[in-house]
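Novice: Below you'll find the structure I mean.
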Amino acid sequence: MLGKTLCIGVGSMGGALLRGALQHGVLKASDTHILVRREEQCKALTEELGVVGFTTMPNVHEYNTILLAVKPQVLPSVLETLKEVPYGTVMISVAAGITLDTLDAAIPQANWFRTMPNTPASIGAGMTALAGDDVHTDLGRDVQALFEAVGEVAVVSEADLDRLGALSGAGPGYMFVILDALADAGVRIGLPRHLAIKAAAQTMYGAGKMALESGNHPAVLRDQVTSPGGTTIAGIGAMEKGGLRSALQDGVVACLARSNELGK
Ligand SMILES: NC(=O)c1ccc[n+]([C@@H]2O[C@H](COP(=O)([O-])OP(=O)(O)OC[C@H]3O[C@@H](n4cnc5c(N)ncnc54)[C@H](OP(=O)(O)O)[C@@H]3O)[C@@H](O)[C@H]2O)c1
């Protein structure tokens with residue numbers, strides 16, 4: 001068990017994690033405290049989640065686990081205020097691009113875990129990468145369970161965590177652009193916008209679910225829907241001529257490069 005837990009920053013990601021973990025009983029509301037910046041946010045969250053809230057740093061000696069869910073730019077100043085955490089405190093960062101070495105150097109007595117979740121965690125369909133020296137211990141499995149409360153978890157090396165950040169961490173952003181583009185295409189061929197969006201989103205969801213549930217390679221699934229001389233292969237051909245595949249590859253590579261730059 002992660003024990004008494006302090007979550008610092010309850011925005012999109014911190015909120016998604018807390019809601020999932022509390023709903024699934026991975027965290028107990030009575031053992032969960034939050035630190036946010038604004039009084040009104042603190043009041044709303046404590047009422048909604050039944051947790052204890054603070055707007056100034058509580059006594060860090062009280063906590064077994066500290067979850068850091070602030071933006072990477074804010075993290076260094078927050079770490080400054082956590083210098084005195086007791087030896088062995090479990091500290092979990094969701095911040096993109098901040099390495100375990102940097103986290104360790106800031107607070108060497110903590111037991112650090114790095115994670116890279118994504119926003120579908122807010123509906124229990126997240127994909128989280130988890131890395132740290134102790135990922136394969138009982139403690140690591142407790143941290144894993146926290147993120148499994150909001151979706152799938154891959155326990156990986158730190159290098160792969162950064163790579164997954166550029167694929168699944170940023171991925172919802174890519175998917176929303178693709179969804180919007182497909183909806184535009186639907187409108188262009190005469191569909192009403194709301195129907196085009198619904199059809200595109202349900203198709204994206206269904207195709208992803210099929211790939212996950214069948215375990216088949218995507219090329220096999222694509223082959224099953226492209227009859228010789230047919231309509232779907234005509235569509236795919238035009239999309240690939242337009243650079244669909246290489247644009248997606250370049251996008252993921254650019255995202256990783258930017259994350260490496262920010263982490264320096
Ligand atoms: N969103 C994603 O897709 C995604 C994916 C993977 C990882 N992450 C990581 O998740 C982390 C949080 O991102 P987010 O998207 O959840 O951002 P967010 O919605 O802006 O949430 C950050 C929260 O931190 C609060 N905060 C700022 N300074 C604070 C302080 N000193 N003490 C306590 N709370 C403070 C902010 O409060 P105010 O509103 O008052 O400023 C805000 O509520 C980032 O490190 C990011 O790299 C995000």
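So you can find residues: chains in the structure tokens are A, B, ... in the order shown, residues in each start at 1, and ligands are numbered from 1 in order.
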Within 9 Å of ligand 1 (counting only C-alpha atoms and all ligand atoms), which residues show up? I'd like them as a PyMOL selection string.
Specialist: chain A and resi 7-16+34-38+41+54-57+68-75+77-78+93-98+115-120+128+165+168-173
Novice: Determine which residues of region 106-253 of chain A DSSP labels as strand (DSSP E) from the backbone of this structure, then write them out as a PyMOL selection string.
Specialist: chain A and resi 111-116+126-131+151-155
Novice: With only C-alpha atoms as the atoms that count, which of A:Met91, A:Leu103, A:Ala21, A:Val52 lies nearest to Gly263 (chain A)?
Specialist: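 Distance minimum relative to Gly263 (chain A) lands on A:Leu103.
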Novice: Tell me, as a VMD selection string, which residues lie within 12 Å of Leu221 (chain A), counting only C-alpha atoms; anything in the same chain fewer than 5 positions away does not count.
Specialist: chain A and resid 207 to 216 226 to 227
Novice: Emit the selected residues as a compact mmCIF listing (two decimals), in the first residue's frame, including N, CA and C atoms.
Specialist:
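Result went into selection00.txt, see below:
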# COMPACT_ATOMS: atom_id res chain seq x y z
N ALA A 207 -11.72 0.68 -33.94
CA ALA A 207 -10.52 0.12 -34.57
C ALA A 207 -9.45 -0.14 -33.51
N GLY A 208 -9.28 0.81 -32.58
CA GLY A 208 -8.30 0.62 -31.51
C GLY A 208 -8.67 -0.58 -30.65
N LYS A 209 -9.95 -0.71 -30.33
CA LYS A 209 -10.43 -1.82 -29.49
C LYS A 209 -10.20 -3.16 -30.21
N MET A 210 -10.48 -3.17 -31.52
CA MET A 210 -10.26 -4.41 -32.29
C MET A 210 -8.79 -4.81 -32.28
N ALA A 211 -7.90 -3.82 -32.44
CA ALA A 211 -6.46 -4.12 -32.45
C ALA A 211 -6.04 -4.68 -31.09
N LEU A 212 -6.55 -4.07 -30.01
CA LEU A 212 -6.17 -4.53 -28.66
C LEU A 212 -6.75 -5.92 -28.37
N GLU A 213 -8.03 -6.10 -28.71
CA GLU A 213 -8.70 -7.35 -28.32
C GLU A 213 -8.27 -8.53 -29.19
N SER A 214 -8.00 -8.28 -30.48
CA SER A 214 -7.61 -9.40 -31.35
C SER A 214 -6.13 -9.73 -31.20
N GLY A 215 -5.33 -8.71 -30.84
CA GLY A 215 -3.88 -8.92 -30.77
C GLY A 215 -3.26 -9.05 -32.16
N ASN A 216 -4.04 -8.85 -33.19
CA ASN A 216 -3.51 -8.96 -34.55
C ASN A 216 -2.66 -7.75 -34.91
N THR A 226 -9.44 -4.40 -46.90
CA THR A 226 -9.09 -3.82 -48.21
C THR A 226 -9.22 -4.90 -49.29
N SER A 227 -10.39 -4.93 -49.93
CA SER A 227 -10.56 -5.93 -51.00
C SER A 227 -9.84 -5.44 -52.27
Novice: Counting only C-alpha atoms, what is within 12 Å of Gly88 (chain A), bar same-chain residues fewer than 4 positions away, as a list in words?
Specialist: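 The filter keeps Leu2, His61, Tyr63, Asn64, Thr65, Ile66, Glu84, Asp104, Ile107, Pro108, Gln109, Ala110, Asn111, Trp112, Phe113, Asp134 and Leu139 of chain A.
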Novice: Emit the selected residues as a CSV table (one decimal), in the first residue's frame, including all heavy atoms.
Specialist:
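The result, written out as selection-v6.csv:
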chain,number,residue,atom,x,y,z
A,2,LEU,N,0.3,2.3,-0.7
A,2,LEU,CA,1.1,3.5,-0.8
A,2,LEU,C,1.0,4.4,0.5
A,2,LEU,O,1.8,5.3,0.7
A,2,LEU,CB,0.7,4.3,-2.0
A,2,LEU,CG,0.9,3.7,-3.3
A,2,LEU,CD1,0.3,4.4,-4.5
A,2,LEU,CD2,2.4,3.5,-3.6
A,61,HIS,N,6.7,15.3,6.7
A,61,HIS,CA,7.1,14.1,7.4
A,61,HIS,C,5.9,13.1,7.6
A,61,HIS,O,6.0,12.0,8.0
A,61,HIS,CB,7.7,14.5,8.8
A,61,HIS,CG,9.0,15.0,8.7
A,61,HIS,ND1,9.3,16.3,8.3
A,61,HIS,CD2,10.2,14.4,8.7
A,61,HIS,CE1,10.6,16.5,8.2
A,61,HIS,NE2,11.2,15.3,8.5
A,63,TYR,N,3.9,12.0,5.3
A,63,TYR,CA,3.5,11.2,4.1
A,63,TYR,C,4.4,10.0,3.8
A,63,TYR,O,5.6,10.2,3.9
A,63,TYR,CB,3.3,12.1,2.9
A,63,TYR,CG,2.3,13.2,3.2
A,63,TYR,CD1,2.7,14.5,3.6
A,63,TYR,CD2,0.9,12.9,3.2
A,63,TYR,CE1,1.8,15.5,3.9
A,63,TYR,CE2,0.0,13.9,3.5
A,63,TYR,CZ,0.4,15.1,3.9
A,63,TYR,OH,-0.5,16.1,4.2
A,64,ASN,N,3.8,8.9,3.4
A,64,ASN,CA,4.6,7.8,2.8
A,64,ASN,C,4.9,8.0,1.4
A,64,ASN,O,5.9,7.6,0.8
A,64,ASN,CB,3.8,6.5,3.0
A,64,ASN,CG,3.3,6.3,4.4
A,64,ASN,OD1,2.2,6.5,4.7
A,64,ASN,ND2,4.2,5.8,5.2
A,65,THR,N,3.9,8.7,0.7
A,65,THR,CA,3.9,8.8,-0.8
A,65,THR,C,3.6,10.3,-1.2
A,65,THR,O,2.7,10.8,-0.6
A,65,THR,CB,2.9,7.9,-1.4
A,65,THR,OG1,3.2,6.5,-1.0
A,65,THR,CG2,3.0,8.0,-3.0
A,66,ILE,N,4.4,10.8,-2.1
A,66,ILE,CA,4.0,12.1,-2.7
A,66,ILE,C,4.0,12.0,-4.2
A,66,ILE,O,4.9,11.5,-4.8
A,66,ILE,CB,5.1,13.2,-2.2
A,66,ILE,CG1,5.1,13.3,-0.7
A,66,ILE,CG2,4.8,14.5,-2.9
A,66,ILE,CD1,6.1,14.3,-0.2
A,84,GLU,N,13.2,18.3,2.7
A,84,GLU,CA,13.3,17.6,4.0
A,84,GLU,C,12.4,16.3,4.1
A,84,GLU,O,12.2,15.9,5.2
A,84,GLU,CB,12.9,18.6,5.1
A,84,GLU,CG,13.7,19.9,5.1
A,84,GLU,CD,15.2,19.7,5.2
A,84,GLU,OE1,15.5,18.7,6.0
A,84,GLU,OE2,15.9,20.4,4.6
A,104,ASP,N,16.5,12.5,-8.5
A,104,ASP,CA,17.4,11.9,-7.5
A,104,ASP,C,18.3,13.0,-6.9
A,104,ASP,O,18.6,13.0,-5.7
A,104,ASP,CB,18.2,10.8,-8.1
A,104,ASP,CG,17.7,9.4,-7.7
A,104,ASP,OD1,17.1,9.3,-6.6
A,104,ASP,OD2,17.8,8.5,-8.4
A,107,ILE,N,16.3,15.3,-4.6
A,107,ILE,CA,15.9,14.7,-3.3
A,107,ILE,C,16.4,13.3,-3.3
A,107,ILE,O,15.7,12.3,-3.6
A,107,ILE,CB,14.4,14.8,-3.1
A,107,ILE,CG1,13.9,16.2,-3.3
A,107,ILE,CG2,13.9,14.2,-1.8
A,107,ILE,CD1,12.4,16.4,-3.2
A,108,PRO,N,17.7,13.1,-2.9
A,108,PRO,CA,18.3,11.8,-3.0
A,108,PRO,C,17.8,10.8,-2.0
A,108,PRO,O,17.9,9.6,-2.3
A,108,PRO,CB,19.8,12.1,-2.7
A,108,PRO,CG,19.9,13.5,-2.3
A,108,PRO,CD,18.6,14.2,-2.5
A,109,GLN,N,17.2,11.2,-0.9
A,109,GLN,CA,16.7,10.3,0.1
A,109,GLN,C,15.4,9.7,-0.3
A,109,GLN,O,14.9,8.7,0.4
A,109,GLN,CB,16.6,10.9,1.5
A,109,GLN,CG,15.5,11.9,1.7
A,109,GLN,CD,15.8,13.3,1.2
A,109,GLN,OE1,16.6,13.6,0.3
A,109,GLN,NE2,15.1,14.3,1.8
A,110,ALA,N,14.7,10.2,-1.4
A,110,ALA,CA,13.4,9.7,-1.8
A,110,ALA,C,13.6,8.4,-2.6
A,110,ALA,O,14.6,8.2,-3.2
A,110,ALA,CB,12.6,10.7,-2.5
A,111,ASN,N,12.5,7.7,-2.7
A,111,ASN,CA,12.4,6.5,-3.5
A,111,ASN,C,11.6,6.9,-4.8
A,111,ASN,O,10.4,7.0,-4.8
A,111,ASN,CB,11.7,5.4,-2.8
A,111,ASN,CG,12.0,4.0,-3.2
A,111,ASN,OD1,12.4,3.9,-4.4
A,111,ASN,ND2,11.8,3.1,-2.4
A,112,TRP,N,12.3,7.2,-5.9
A,112,TRP,CA,11.7,7.9,-7.0
A,112,TRP,C,11.1,6.9,-8.1
A,112,TRP,O,11.7,5.9,-8.4
A,112,TRP,CB,12.7,8.8,-7.8
A,112,TRP,CG,12.9,10.1,-7.1
A,112,TRP,CD1,14.0,10.5,-6.3
A,112,TRP,CD2,12.0,11.2,-7.1
A,112,TRP,NE1,13.8,11.8,-5.9
A,112,TRP,CE2,12.6,12.2,-6.4
A,112,TRP,CE3,10.8,11.4,-7.7
A,112,TRP,CZ2,12.0,13.5,-6.2
A,112,TRP,CZ3,10.2,12.7,-7.6
A,112,TRP,CH2,10.8,13.7,-6.8
A,113,PHE,N,9.9,7.3,-8.6
A,113,PHE,CA,9.3,6.6,-9.7
A,113,PHE,C,9.0,7.7,-10.7
A,113,PHE,O,8.5,8.8,-10.3
A,113,PHE,CB,8.1,5.9,-9.3
A,113,PHE,CG,8.3,4.7,-8.5
A,113,PHE,CD1,8.4,4.8,-7.1
A,113,PHE,CD2,8.5,3.5,-9.0
A,113,PHE,CE1,8.6,3.7,-6.3
A,113,PHE,CE2,8.8,2.3,-8.2
A,113,PHE,CZ,8.8,2.5,-6.8
A,134,ASP,N,13.0,0.7,-8.5
A,134,ASP,CA,12.3,-0.3,-7.7
A,134,ASP,C,11.0,-0.8,-8.3
A,134,ASP,O,10.1,-1.2,-7.7
A,134,ASP,CB,11.9,0.3,-6.3
A,134,ASP,CG,13.2,0.4,-5.5
A,134,ASP,OD1,14.1,-0.4,-5.7
A,134,ASP,OD2,13.3,1.3,-4.6
A,139,LEU,N,6.8,-2.5,-3.7
A,139,LEU,CA,6.5,-1.1,-3.8
A,139,LEU,C,6.2,-0.6,-5.2
A,139,LEU,O,5.2,0.1,-5.5
A,139,LEU,CB,7.7,-0.3,-3.2
A,139,LEU,CG,7.5,1.2,-3.0
A,139,LEU,CD1,6.4,1.5,-2.1
A,139,LEU,CD2,8.8,1.8,-2.5
Novice: List every residue of region 60-193 of chain A that DSSP, applied to the backbone, labels as helix (DSSP H, G or I), and write the result as an MDAnalysis selection string.
Specialist: chainID A and resid 60:62 75:80 100:106 119:123 138:148 158:169 171:188 193
Novice: Just checking: using only C-alpha atoms, which residue out of A:Pro218, A:Pro58, A:Gly50, A:Gly20 ends up closest to Ser122 (chain A)?
Specialist: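 Of A:Pro218, A:Pro58, A:Gly50, A:Gly20, the one nearest Ser122 (chain A) is A:Gly20, counting only C-alpha atoms.
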Novice: Quick one: pull the distance between CA of Arg245 (chain A) and CA of Met175 (chain A), Å, one decimal.
Specialist: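 Those two atoms sit 13.7 Å apart.
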Novice: Any idea what the distance is between CA of Leu130 (chain A) and CA of Ala149 (chain A)?
Specialist: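 Taking CA of Leu130 (chain A) and CA of Ala149 (chain A), their separation equals 13.7 Å.
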Novice: Between CA of Val156 (chain A) and CA of Ala129 (chain A), what is the spacing in Å?
Specialist: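 Here the two named atoms are 6.5 Å from each other.
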Novice: Which residue is closest to Leu164 (chain A)? Choose from A:Ala106, A:Ile178, A:Ala247, A:Val252 and count only C-alpha atoms.
Specialist: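 For Leu164 (chain A), the nearest of the candidates is A:Val252.
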